Amino acid sequence: MFRDTIRGWFVLLLALAVSLLTASPAGAASYVNDLIGIDTINDLFPNIDGVDDSTSNVQRIAVFDSGIQTDHPGLDGRVVAGINFAAGFDYESTNPAHYVDLNGHGTFVTGVLGSSLDGLNGIAPNVEFVSVRILSASGSGDFYDVAGALEWVVDNAAALNITAVNISMGSSTTYAEDSSVPGWSTMNRMRTAFDTLADMDVVTVVASGNGGSTTGLSIPAVFDNVIAVGASTSTDAVWNSSNRNDTLEMLAPGASVSSLWLNDGQTSGSGTSYAAPVVTASAVLMREFIELYDVSLAGDFDNFQERFLDILQQTGTTIGDSGSGLTYDRIDMAAAFDLLATELGVEASVPEPASLMLFGAGLMVINRRRRPRRIT
């Protein structure tokens, strides 16, 4: 009965309404990679692809969503594990037939993370995925199951080499800050899991929600120990329907994004659901870069998640928002790698003058005023 009560009080909605998705021509390219500099990183550091070259150990992202079309040609069989916490199948089943996508949203998000289709490449097209199915075919679910799924990831992250978690869903109700969320047991279980994952150097990225609030974020984006991401447009404006307030950590392109869809298809849509995986996959690439060239993943920070966010906020493109009266940082991975490479004394893998241009920019970035880091 307690679980039924929790289900009644905390119903999850997709962070993006499926009705916002509109069909796009097959092979339509997304602007995202070019805008945040992934193409530049690929040119200058071609060995950074989410795979440890010394061990052939592939990083894996846990995708909390409606499942994934595991045989989509854009994913190359890279959905290697999963579990079902949603309605309609055996609870906590690891049968691949039970964590397949019956909605489309999860496949779209996974495509942003790592599609390998020519002209529709994701941020990290060589990573692998763990499908953590939370949402039913209709896109509904509950936080009780999210808490259980997070605890499952905590228990299995090391064995499955899960280095990042993407959560592109959230509550319809928004909250100003973590302390304003009701302190019920399910909420506390999620907080504990997020804290543990951060301590394990597993980055958790959560979509802020699509209600257009300028004073609050959805659960679980509002929790302290996650990276809350809102959506921006191709012209570097805040996407109007993105939830945001002064606790939002980052913006990423999320408007008019193209990605994968069910039945081997492609489509386009807008939402914070599609901004979050841009940041999640970028964490995978930065982790690999640091592990190649630094003795410490966390550096001077408590964990890698804090270091990653600090670098993003130092190097992000500043966007003003008239709706909230605040400014936000839009992820710029080329600048982030530039700064990190300069700090570590790493040279690019291409001849000059391209590398000179990159590291000249790096010197300018590293001399920028350092922004205060949000302490959580």
# chains A, B, ... in the order shown; residues from 1 in each chain; ligands from 1

$ select_by_dssp --residues "region 107-284 of chain A" --states "alpha helix (DSSP H)" --output "JSON, numbers by chain"
{"A": [107, 108, 109, 110, 111, 112, 113, 114, 143, 144, 145, 146, 147, 148, 149, 150, 151, 152, 153, 154, 155, 156, 157, 158, 159, 160, 185, 186, 187, 188, 189, 190, 191, 192, 193, 194, 195, 196, 197, 198, 199, 272, 273, 274, 275, 276, 277, 278, 279, 280, 281, 282, 283, 284]}

$ residues_around --residues "Val100 (chain A)" --least-positions-apart "6" --cutoff "12 Å" --atoms "only C-alpha atoms" --output "ChimeraX atom specification"
/A:63,65-72,79-86,88-89,93-94,106-107,130-137,262-263

$ atom_distance --atom1 "CA of Ile331 (chain A)" --atom2 "CA of Gly104 (chain A)"
25.8 Å

$ residues_around --residues "Gly316 (chain A)" --least-positions-apart "4" --cutoff "9 Å" --atoms "only C-alpha atoms" --output "PyMOL selection string"
chain A and resi 250-251+311-312+328-333+335-336

$ closest_residue --among "A:Asp199, A:Ala228, A:Val181, A:Leu340" --to "Phe289 (chain A)" --atoms "only C-alpha atoms"
A:Leu340

$ closest_residue --among "A:Phe108, A:Trp184, A:Phe194, A:Tyr274" --to "Leu260 (chain A)" --atoms "only C-alpha atoms"
A:Phe108

$ closest_residue --among "A:Leu113, A:Ala298, A:Ser256, A:Ala334" --to "Ala348 (chain A)" --atoms "only C-alpha atoms"
A:Ala334

$ residues_around --residues "region 290-295 of chain A" --least-positions-apart "6" --cutoff "10 Å" --atoms "only C-alpha atoms" --output "PyMOL selection string"
chain A and resi 48+52-54+304+337+340-341+344-346

$ atom_distance --atom1 "CA of Glu151 (chain A)" --atom2 "CA of Ala193 (chain A)"
6.0 Å

$ residues_around --residues "Ser30 (chain A)" --least-positions-apart "3" --cutoff "7 Å" --atoms "only C-alpha atoms" --output "list of chain:residue names"
A:Leu120, A:Val257, A:Ser258

$ residues_around --residues "Thr235 (chain A)" --least-positions-apart "4" --cutoff "10 Å" --atoms "only C-alpha atoms" --output "short mmCIF file (atom, residue, chain, number, x, y, z; two decimals) with C-alpha atoms, in the first residue's frame"
data_model
loop_
_atom_site.label_atom_id
_atom_site.label_comp_id
_atom_site.auth_asym_id
_atom_site.auth_seq_id
_atom_site.Cartn_x
_atom_site.Cartn_y
_atom_site.Cartn_z
CA LEU A 35 27.98 24.41 -32.25
CA TRP A 239 14.71 27.88 -25.27
CA PRO A 253 21.48 22.82 -27.47
CA ALA A 255 15.83 23.06 -29.70
#

$ residues_around --residues "Arg287 (chain A)" --least-positions-apart "3" --cutoff "10 Å" --atoms "only C-alpha atoms" --output "number ranges by chain"
A: 48, 50, 59, 163-164, 201-203, 281-284, 290-292, 297-298, 304-305, 308

$ select_by_dssp --residues "region 5-251 of chain A" --states "strand (DSSP E or B)" --output "JSON, numbers by chain"
{"A": [11, 12, 13, 14, 22, 51, 52, 57, 58, 60, 61, 62, 63, 64, 65, 68, 79, 80, 81, 82, 83, 84, 93, 100, 128, 129, 130, 131, 132, 133, 140, 141, 142, 162, 163, 164, 165, 166, 167, 169, 170, 174, 175, 203, 204, 205, 206, 207, 217, 218, 227, 228, 229, 230, 231, 232, 238, 250, 251]}

$ closest_residue --among "A:Gly216, A:Pro182, A:Pro277, A:Pro125" --to "Asn166 (chain A)" --atoms "only C-alpha atoms"
A:Pro277
